[in-house]
file final.cif (mmCIF, C-alpha atoms)
data_entry
loop_
_atom_site.label_atom_id
_atom_site.label_comp_id
_atom_site.auth_asym_id
_atom_site.auth_seq_id
_atom_site.Cartn_x
_atom_site.Cartn_y
_atom_site.Cartn_z
CA MET A 1 33.15 -233.97 93.73
CA ILE A 2 33.06 -230.99 96.07
CA LYS A 3 35.52 -232.69 98.42
CA ARG A 4 37.87 -233.40 95.52
CA LYS A 5 37.81 -229.74 94.41
CA LYS A 6 38.45 -228.70 97.99
CA ASN A 7 41.50 -230.98 98.21
CA ILE A 8 42.86 -229.58 94.93
CA PHE A 9 42.35 -226.06 96.26
CA ILE A 10 44.19 -226.88 99.51
CA ARG A 11 47.07 -228.57 97.67
CA PHE A 12 47.39 -225.52 95.42
CA PHE A 13 47.84 -223.14 98.33
CA LYS A 14 50.23 -225.52 100.12
CA ASN A 15 52.42 -225.91 97.06
CA PRO A 16 55.95 -224.62 97.95
CA LYS A 17 56.28 -223.10 94.48
CA VAL A 18 53.04 -221.14 94.85
CA GLN A 19 53.49 -219.87 98.42
CA PRO A 20 56.19 -217.25 97.61
CA PHE A 21 53.87 -215.68 95.04
CA LEU A 22 50.90 -215.80 97.40
CA SER A 23 52.94 -214.07 100.13
CA ILE A 24 53.23 -211.12 97.73
CA ILE A 25 49.95 -211.26 95.85
CA LEU A 26 47.63 -211.52 98.87
CA PRO A 27 48.98 -208.47 100.80
CA VAL A 28 49.13 -206.41 97.59
CA SER A 29 45.55 -207.42 96.72
CA LEU A 30 44.38 -206.38 100.19
CA GLY A 31 46.17 -203.05 99.83
CA VAL A 32 44.59 -202.42 96.42
CA LEU A 33 41.16 -203.28 97.81
CA VAL A 34 41.54 -200.85 100.71
CA PHE A 35 42.82 -198.17 98.33
CA VAL A 36 39.82 -198.58 96.01
CA LEU A 37 37.35 -198.50 98.91
CA TRP A 38 39.11 -195.44 100.29
CA GLN A 39 39.27 -193.52 97.01
CA THR A 40 35.62 -194.30 96.11
CA GLN A 41 34.56 -193.13 99.61
CA ILE A 42 32.97 -196.50 100.38
CA LEU A 43 35.34 -196.73 103.33
CA HIS A 44 34.05 -193.39 104.61
CA LYS A 45 30.50 -194.73 104.61
CA LEU A 46 31.58 -197.88 106.42
CA LEU A 47 33.44 -195.89 109.08
CA GLY A 48 30.89 -193.10 109.28
CA THR A 49 33.36 -190.31 108.54
CA ASP A 50 33.94 -187.66 105.86
CA THR A 51 36.72 -186.55 103.53
CA PHE A 52 37.75 -183.73 105.89
CA THR A 53 38.65 -186.09 108.72
CA LEU A 54 39.82 -188.88 106.40
CA PRO A 55 41.08 -187.28 103.16
CA LEU A 56 41.19 -189.21 99.91
CA PRO A 57 44.46 -190.84 98.75
CA SER A 58 44.48 -188.55 95.71
CA GLN A 59 44.45 -185.51 98.00
CA ILE A 60 47.26 -186.96 100.11
CA ASN A 61 49.29 -187.62 96.97
CA ARG A 62 48.74 -184.04 95.80
CA ILE A 63 49.92 -182.64 99.13
CA ILE A 64 53.06 -184.78 98.94
CA GLY A 65 53.81 -183.45 95.47
CA ASP A 66 53.25 -179.83 96.50
CA ASN A 67 55.33 -180.03 99.70
CA LEU A 68 57.99 -182.60 98.83
CA PRO A 69 61.06 -180.55 99.94
CA LYS A 70 59.59 -179.85 103.39
CA ILE A 71 58.39 -183.44 103.77
CA MET A 72 61.82 -184.82 102.86
CA LEU A 73 63.44 -182.54 105.46
CA ASN A 74 61.22 -184.01 108.16
CA VAL A 75 61.69 -187.54 106.83
CA LYS A 76 65.46 -187.10 107.03
CA ALA A 77 65.22 -186.03 110.68
CA THR A 78 63.02 -189.00 111.63
CA VAL A 79 65.05 -191.59 109.71
CA LEU A 80 68.30 -190.27 111.22
CA VAL A 81 66.94 -190.64 114.75
CA ALA A 82 65.52 -194.12 114.06
CA VAL A 83 68.69 -195.45 112.41
CA ILE A 84 71.16 -194.03 114.96
CA GLY A 85 69.04 -195.08 117.93
CA LEU A 86 68.52 -198.57 116.50
CA ALA A 87 72.22 -199.01 115.74
CA ILE A 88 73.41 -197.89 119.18
CA GLY A 89 70.66 -199.77 121.01
CA SER A 90 71.27 -202.99 119.06
CA PHE A 91 75.01 -202.77 119.70
CA ILE A 92 74.52 -202.26 123.44
CA GLY A 93 71.89 -205.02 123.50
CA TYR A 94 74.29 -207.45 121.85
CA LEU A 95 77.06 -206.57 124.30
CA ILE A 96 74.66 -207.24 127.18
CA ALA A 97 73.82 -210.63 125.65
CA VAL A 98 77.53 -211.43 125.35
CA LEU A 99 78.16 -210.47 128.98
CA ALA A 100 75.19 -212.56 130.08
CA THR A 101 76.64 -215.49 128.16
CA VAL A 102 80.15 -215.07 129.57
CA PHE A 103 78.82 -214.59 133.12
CA PRO A 104 75.76 -216.89 133.23
CA ARG A 105 75.24 -216.55 136.99
CA TRP A 106 73.83 -213.07 136.68
CA GLY A 107 72.91 -213.32 133.00
CA ALA A 108 69.26 -214.31 133.44
CA GLY A 109 68.66 -211.63 136.05
CA GLY A 110 70.41 -208.97 134.00
CA LEU A 111 68.38 -209.81 130.91
CA SER A 112 65.17 -209.66 132.94
CA ILE A 113 66.02 -206.14 134.06
CA VAL A 114 66.84 -205.09 130.50
CA ALA A 115 63.63 -206.67 129.19
CA ALA A 116 61.69 -204.66 131.77
CA PHE A 117 62.77 -201.48 129.96
CA ASN A 118 60.61 -202.62 127.05
CA ALA A 119 57.54 -202.29 129.27
CA ILE A 120 58.10 -198.57 129.81
CA PRO A 121 55.58 -196.61 127.69
CA ILE A 122 57.22 -194.38 125.09
CA VAL A 123 54.80 -191.57 125.93
CA ALA A 124 56.21 -191.61 129.48
CA LEU A 125 59.83 -192.11 128.46
CA ALA A 126 60.02 -189.35 125.85
CA PRO A 127 59.16 -186.38 128.14
CA VAL A 128 61.60 -187.67 130.76
CA MET A 129 64.42 -187.86 128.22
CA THR A 130 63.59 -184.39 126.94
CA ASN A 131 63.93 -183.06 130.48
CA TRP A 132 67.13 -185.00 131.22
CA THR A 133 68.90 -183.71 128.10
CA LYS A 134 68.06 -180.04 128.59
CA ASP A 135 71.67 -179.28 129.60
CA VAL A 136 73.35 -181.31 126.84
CA SER A 137 73.70 -178.35 124.48
CA SER A 138 72.62 -174.77 124.06
CA ASP A 139 71.22 -175.72 120.64
CA ALA A 140 67.60 -176.89 120.83
CA SER A 141 67.98 -179.10 117.76
CA VAL A 142 70.92 -180.96 119.32
CA ARG A 143 69.09 -181.43 122.63
CA SER A 144 66.03 -182.79 120.84
CA MET A 145 68.12 -185.11 118.68
CA VAL A 146 69.88 -186.60 121.71
CA ALA A 147 66.61 -187.07 123.60
CA LYS A 148 64.93 -188.82 120.67
CA ILE A 149 67.92 -191.08 120.01
CA LEU A 150 67.97 -192.11 123.68
CA VAL A 151 64.30 -193.12 123.50
CA VAL A 152 64.84 -195.25 120.40
CA MET A 153 68.03 -196.71 121.88
CA ILE A 154 66.32 -197.86 125.09
CA VAL A 155 63.49 -199.48 123.14
CA SER A 156 65.98 -201.29 120.87
CA ILE A 157 68.23 -202.63 123.65
CA ALA A 158 65.73 -205.08 125.11
CA THR A 159 64.74 -206.69 121.80
CA MET A 160 68.32 -207.24 120.69
CA SER A 161 69.65 -208.48 124.03
CA VAL A 162 66.98 -211.15 124.48
CA ASN A 163 67.21 -212.48 120.92
CA ALA A 164 71.01 -212.32 120.77
CA TYR A 165 71.24 -214.22 124.05
CA ARG A 166 69.14 -217.00 122.57
CA GLY A 167 71.36 -217.10 119.50
CA LEU A 168 74.52 -217.28 121.60
CA ASN A 169 73.22 -220.10 123.81
CA ASP A 170 70.72 -222.16 121.78
CA LEU A 171 73.43 -224.35 120.30
CA ARG A 172 73.19 -227.87 118.96
CA GLU A 173 74.50 -230.23 121.60
CA PHE A 174 76.71 -232.19 119.25
CA SER A 175 78.47 -229.02 118.02
CA LEU A 176 79.27 -227.87 121.55
CA ASP A 177 80.39 -231.39 122.50
CA LEU A 178 82.63 -231.46 119.44
CA MET A 179 84.28 -228.23 120.52
CA LYS A 180 84.84 -229.65 124.02
CA SER A 181 86.31 -232.84 122.57
CA TYR A 182 88.89 -230.70 120.77
CA ALA A 183 89.59 -228.86 124.04
CA ALA A 184 88.63 -225.60 122.38
CA LYS A 185 89.01 -222.50 124.49
CA LYS A 186 86.01 -220.35 125.35
CA ARG A 187 87.25 -217.66 122.99
CA VAL A 188 87.37 -220.13 120.10
CA VAL A 189 83.92 -221.47 120.95
CA PHE A 190 82.55 -217.95 120.97
CA PHE A 191 83.99 -216.82 117.63
CA LYS A 192 83.65 -220.13 115.80
CA LEU A 193 80.31 -221.35 117.17
CA ARG A 194 78.32 -218.90 119.27
CA LEU A 195 78.84 -215.78 117.16
CA PRO A 196 77.89 -217.37 113.79
CA ASN A 197 74.90 -219.07 115.41
CA SER A 198 73.62 -215.72 116.72
CA VAL A 199 73.55 -213.98 113.33
CA PRO A 200 70.02 -215.16 112.31
CA TYR A 201 68.77 -214.15 115.76
CA ILE A 202 70.23 -210.68 115.24
CA PHE A 203 68.08 -210.26 112.13
CA THR A 204 65.08 -211.64 114.02
CA ALA A 205 65.61 -208.88 116.58
CA LEU A 206 66.03 -206.28 113.85
CA ARG A 207 62.74 -207.35 112.24
CA VAL A 208 61.06 -206.24 115.43
CA GLY A 209 63.46 -203.40 116.11
CA VAL A 210 63.10 -201.59 112.77
CA PRO A 211 59.33 -200.91 113.06
CA SER A 212 59.73 -200.20 116.78
CA SER A 213 62.51 -197.69 116.11
CA VAL A 214 60.36 -195.79 113.61
CA ILE A 215 57.39 -195.75 115.99
CA SER A 216 59.60 -194.68 118.90
CA ALA A 217 61.18 -191.89 116.86
CA ILE A 218 57.78 -190.60 115.73
CA VAL A 219 56.25 -190.70 119.22
CA SER A 220 59.32 -189.07 120.80
CA GLU A 221 58.99 -186.22 118.30
CA TYR A 222 55.59 -185.39 119.81
CA PHE A 223 57.35 -184.28 122.99
CA ALA A 224 60.61 -182.99 121.50
CA GLU A 225 61.69 -179.41 122.07
CA TYR A 226 62.69 -178.77 118.46
CA ILE A 227 59.81 -178.69 115.94
CA THR A 228 61.00 -181.10 113.27
CA GLY A 229 60.34 -184.68 112.19
CA VAL A 230 57.37 -186.59 110.86
CA GLY A 231 55.86 -187.17 114.29
CA ARG A 232 55.98 -183.51 115.21
CA GLN A 233 54.34 -182.53 111.92
CA ILE A 234 51.51 -184.99 112.59
CA ARG A 235 50.94 -183.43 115.97
CA GLU A 236 51.15 -179.81 114.80
CA ASN A 237 48.73 -180.34 111.92
CA ILE A 238 46.20 -182.20 114.06
CA VAL A 239 46.26 -179.35 116.59
CA ILE A 240 45.33 -176.82 113.89
CA ALA A 241 42.81 -179.24 112.31
CA GLN A 242 44.80 -179.68 109.09
CA TYR A 243 43.84 -183.33 108.87
CA ALA A 244 44.79 -183.75 105.23
CA THR A 245 48.38 -182.70 105.93
CA ALA A 246 48.45 -184.82 109.09
CA TRP A 247 47.32 -187.86 107.11
CA THR A 248 50.01 -187.08 104.56
CA TYR A 249 52.68 -187.39 107.21
CA ILE A 250 51.01 -190.54 108.55
CA ALA A 251 51.27 -192.05 105.06
CA VAL A 252 54.91 -190.92 104.88
CA ALA A 253 55.58 -192.57 108.25
CA CYS A 254 54.16 -195.84 106.90
CA LEU A 255 56.42 -195.57 103.85
CA ILE A 256 59.46 -195.01 106.10
CA GLY A 257 58.71 -198.15 108.09
CA ILE A 258 58.06 -200.26 104.99
CA SER A 259 61.18 -198.98 103.22
CA MET A 260 63.45 -199.64 106.18
CA TYR A 261 61.98 -203.11 106.64
CA CYS A 262 62.49 -203.95 102.94
CA ILE A 263 66.11 -202.77 103.13
CA LEU A 264 66.63 -205.02 106.16
CA MET A 265 65.14 -208.00 104.28
CA MET A 266 67.50 -207.35 101.38
CA PHE A 267 70.54 -207.37 103.66
CA GLU A 268 69.29 -210.48 105.43
CA GLY A 269 68.79 -212.25 102.11
CA ILE A 270 72.33 -211.38 101.02
CA LEU A 271 74.11 -212.22 104.29
CA LEU A 272 72.15 -215.39 105.07
CA ARG A 273 71.73 -216.78 101.56
CA ASN A 274 74.15 -219.63 102.30
CA ARG A 275 72.21 -220.67 105.39
CA LYS A 276 68.98 -221.43 103.52
#
call {"tool": "encode", "arguments": {"input": "final.cif", "output": "structure tokens"}}
result
Amino acid sequence: MIKRKKNIFIRFFKNPKVQPFLSIILPVSLGVLVFVLWQTQILHKLLGTDTFTLPLPSQINRIIGDNLPKIMLNVKATVLVAVIGLAIGSFIGYLIAVLATVFPRWGAGGLSIVAAFNAIPIVALAPVMTNWTKDVSSDASVRSMVAKILVVMIVSIATMSVNAYRGLNDLREFSLDLMKSYAAKKRVVFFKLRLPNSVPYIFTALRVGVPSSVISAIVSEYFAEYITGVGRQIRENIVIAQYATAWTYIAVACLIGISMYCILMMFEGILLRNRK
């Protein structure tokens, strides 16, 4: 009897019609549980902290409401850096993947060098970029913007180049053989076969690149010359022990990442709907 109930339970969760709902319900349920534990201060007792170091969600929400214009100004600065850096880095990364595909002799080595950039810590990269861009402009805001975009760009290049290279080269053998049987030129093979095959891999790279770009932008703002952005506000408020405001910007940073990821999923669903 117990085994039968267990099998019914397993079949229920493996049901293809149920899984899409579970993929939404389970994360939301976990979030609600954490929120309740946090608001009721049970989480504080479990972690051994207080409401000064870890303010309640209601307090964070109140701070957002009272300082919305200032918060949105910093959000705009962070999102702008993340989006521009991700776009430029992804474009360069794709071009590198194309070059590695066209010139396969040095392709593997070139991609290895690019992938090594991903191992550079952001906390080490950001101060270097801030120093390198000190002569870009006389305006501190412009210098900081360029430095932060460069950090995000470098982080985004490696992810896109590696995934795009796989998409351009992991082809079905019969499709490539078919192209050769028609004596198709390399240009035709690229635009008719390799490029369409790489599109899902581009979105796979962007799934990793979007959160990474937000994190890179926030961390680079810690070391930026111009005092703006969500990351800089987190740092400034921690320094003066305004933990409630710091946690507010941490919550805002989470919302930025989630929002950008959801927008990406929407575009992926629209562009790849015929592939599923």
call {"tool": "closest_atom_pairs", "arguments": {"input": "final.cif", "of": "stretch 203-256 of chain A", "to": "stretch 119-143 of chain A", "cutoff": "6 Å", "atoms": "only C-alpha atoms", "output": "JSON lines"}}
result
{"residue": "A:Ser220", "atom": "CA", "partner": "A:Ala126", "partner_atom": "CA", "distance": 5.1}
{"residue": "A:Phe223", "atom": "CA", "partner": "A:Pro127", "partner_atom": "CA", "distance": 5.8}
{"residue": "A:Tyr226", "atom": "CA", "partner": "A:Ser141", "partner_atom": "CA", "distance": 5.3}
call {"tool": "closest_residue", "arguments": {"input": "final.cif", "among": "A:Ala82, A:Ile96, A:Ile227, A:Leu37", "to": "A:Val114", "atoms": "all atoms listed in the file"}}
result
A:Ile96
call {"tool": "residues_around", "arguments": {"input": "final.cif", "residues": "stretch 208-214 of chain A", "least_positions_apart": "2", "cutoff": "7 Å", "atoms": "all atoms listed in the file", "output": "mmCIF file with C-alpha atoms, in the coordinates of the input"}}
result
data_model
loop_
_atom_site.group_PDB
_atom_site.id
_atom_site.type_symbol
_atom_site.label_atom_id
_atom_site.label_comp_id
_atom_site.auth_asym_id
_atom_site.auth_seq_id
_atom_site.Cartn_x
_atom_site.Cartn_y
_atom_site.Cartn_z
ATOM 1 C CA ALA A 82 65.520 -194.120 114.060
ATOM 2 C CA LEU A 86 68.520 -198.570 116.500
ATOM 3 C CA VAL A 152 64.840 -195.250 120.400
ATOM 4 C CA SER A 156 65.980 -201.290 120.870
ATOM 5 C CA THR A 159 64.740 -206.690 121.800
ATOM 6 C CA THR A 204 65.080 -211.640 114.020
ATOM 7 C CA ALA A 205 65.610 -208.880 116.580
ATOM 8 C CA LEU A 206 66.030 -206.280 113.850
ATOM 9 C CA SER A 216 59.600 -194.680 118.900
ATOM 10 C CA ALA A 217 61.180 -191.890 116.860
ATOM 11 C CA ILE A 218 57.780 -190.600 115.730
ATOM 12 C CA GLY A 257 58.710 -198.150 108.090
ATOM 13 C CA MET A 260 63.450 -199.640 106.180
ATOM 14 C CA TYR A 261 61.980 -203.110 106.640
#
call {"tool": "residues_around", "arguments": {"input": "final.cif", "residues": "A:Arg235", "least_positions_apart": "3", "cutoff": "8 Å", "atoms": "only C-alpha atoms", "output": "PDB file with C-alpha atoms, in the coordinates of the input"}}
result
ATOM      1  CA  TYR A 222      55.590-185.390 119.810  1.00  0.00           C
ATOM      2  CA  GLY A 231      55.860-187.170 114.290  1.00  0.00           C
ATOM      3  CA  ARG A 232      55.980-183.510 115.210  1.00  0.00           C
ATOM      4  CA  ILE A 238      46.200-182.200 114.060  1.00  0.00           C
ATOM      5  CA  VAL A 239      46.260-179.350 116.590  1.00  0.00           C
ATOM      6  CA  ALA A 246      48.450-184.820 109.090  1.00  0.00           C
TER       7      ALA A 246
END
call {"tool": "atom_distance", "arguments": {"input": "final.cif", "atom1": "atom CA of A:Val252", "atom2": "atom CA of A:Met72"}}
result
9.4 Å
call {"tool": "closest_residue", "arguments": {"input": "final.cif", "among": "A:Phe191, A:Phe203, A:Phe91, A:Phe52", "to": "A:Ile154", "atoms": "all atoms listed in the file"}}
result
A:Phe91
call {"tool": "resolve_selection", "arguments": {"input": "final.cif", "expression": "the PyMOL selection byres ((chain A and resi 74) around 12)", "output": "PyMOL selection string"}}
result
chain A and resi 67-73+75-81+217-218+221+226-234+249+252-253+256
call {"tool": "closest_residue", "arguments": {"input": "final.cif", "among": "A:Leu255, A:Leu168, A:Leu46, A:Ala241", "to": "A:Tyr94", "atoms": "all atoms listed in the file"}}
result
A:Leu168
call {"tool": "atom_distance", "arguments": {"input": "final.cif", "atom1": "atom CA of A:Lys148", "atom2": "atom CA of A:Val219"}}
result
9.0 Å
call {"tool": "closest_residue", "arguments": {"input": "final.cif", "among": "A:Ala164, A:Ile84, A:Leu195, A:Ile92", "to": "A:Val146", "atoms": "all atoms listed in the file"}}
result
A:Ile84
call {"tool": "atom_distance", "arguments": {"input": "final.cif", "atom1": "atom CA of A:Ile270", "atom2": "atom CA of A:Val28"}}
result
24.0 Å
call {"tool": "closest_residue", "arguments": {"input": "final.cif", "among": "A:Leu30, A:Leu56, A:Leu111, A:Cys254", "to": "A:Leu95", "atoms": "all atoms listed in the file"}}
result
A:Leu111
call {"tool": "closest_residue", "arguments": {"input": "final.cif", "among": "A:Ile88, A:Pro27, A:Val199, A:Glu236", "to": "A:Leu150", "atoms": "only C-alpha atoms"}}
result
A:Ile88
call {"tool": "axis_aligned_box", "arguments": {"input": "final.cif", "around": "stretch 134-137 of chain A", "padding_each_side": "4 Å", "output": "JSON"}}
result
{"center_x": 70.9, "center_y": -179.8, "center_z": 127.0, "size_x": 13.6, "size_y": 11.0, "size_z": 13.1}
call {"tool": "decode", "arguments": {"input": "final.cif", "residues": "stretch 204-218 of chain A", "atoms": "N, CA, C and O atoms", "output": "short mmCIF file (atom, residue, chain, number, x, y, z; two decimals), in the first residue's frame"}}
result
data_model
loop_
_atom_site.label_atom_id
_atom_site.label_comp_id
_atom_site.auth_asym_id
_atom_site.auth_seq_id
_atom_site.Cartn_x
_atom_site.Cartn_y
_atom_site.Cartn_z
N THR A 204 21.80 30.50 -24.37
CA THR A 204 22.41 29.79 -23.24
C THR A 204 23.50 30.64 -22.61
O THR A 204 23.63 30.72 -21.38
N ALA A 205 24.31 31.29 -23.46
CA ALA A 205 25.35 32.18 -22.95
C ALA A 205 24.76 33.38 -22.23
O ALA A 205 25.27 33.81 -21.19
N LEU A 206 23.67 33.92 -22.77
CA LEU A 206 23.04 35.08 -22.16
C LEU A 206 22.40 34.73 -20.81
O LEU A 206 22.31 35.59 -19.93
N ARG A 207 21.95 33.49 -20.66
CA ARG A 207 21.39 33.08 -19.36
C ARG A 207 22.44 33.20 -18.26
O ARG A 207 22.12 33.53 -17.12
N VAL A 208 23.67 32.90 -18.63
CA VAL A 208 24.78 33.06 -17.67
C VAL A 208 25.25 34.50 -17.65
O VAL A 208 25.59 35.05 -16.59
N GLY A 209 25.25 35.13 -18.81
CA GLY A 209 25.80 36.47 -18.92
C GLY A 209 24.98 37.55 -18.24
O GLY A 209 25.54 38.51 -17.71
N VAL A 210 23.65 37.41 -18.24
CA VAL A 210 22.80 38.44 -17.63
C VAL A 210 23.07 38.55 -16.13
O VAL A 210 23.34 39.66 -15.64
N PRO A 211 22.99 37.47 -15.35
CA PRO A 211 23.32 37.61 -13.92
C PRO A 211 24.76 38.07 -13.69
O PRO A 211 25.02 38.88 -12.79
N SER A 212 25.68 37.55 -14.51
CA SER A 212 27.08 37.93 -14.35
C SER A 212 27.30 39.41 -14.63
O SER A 212 28.11 40.07 -13.97
N SER A 213 26.57 39.94 -15.62
CA SER A 213 26.72 41.36 -15.96
C SER A 213 26.23 42.24 -14.82
O SER A 213 26.84 43.28 -14.52
N VAL A 214 25.14 41.85 -14.18
CA VAL A 214 24.62 42.63 -13.05
C VAL A 214 25.59 42.58 -11.88
O VAL A 214 25.90 43.62 -11.27
N ILE A 215 26.10 41.39 -11.59
CA ILE A 215 27.07 41.25 -10.50
C ILE A 215 28.33 42.04 -10.80
O ILE A 215 28.87 42.74 -9.92
N SER A 216 28.82 41.95 -12.03
CA SER A 216 30.04 42.67 -12.41
C SER A 216 29.84 44.18 -12.31
O SER A 216 30.73 44.90 -11.84
N ALA A 217 28.68 44.65 -12.75
CA ALA A 217 28.40 46.09 -12.67
C ALA A 217 28.36 46.56 -11.22
O ALA A 217 28.91 47.62 -10.88
N ILE A 218 27.73 45.77 -10.36
CA ILE A 218 27.60 46.15 -8.95
C ILE A 218 28.96 46.16 -8.26
O ILE A 218 29.31 47.09 -7.52
#
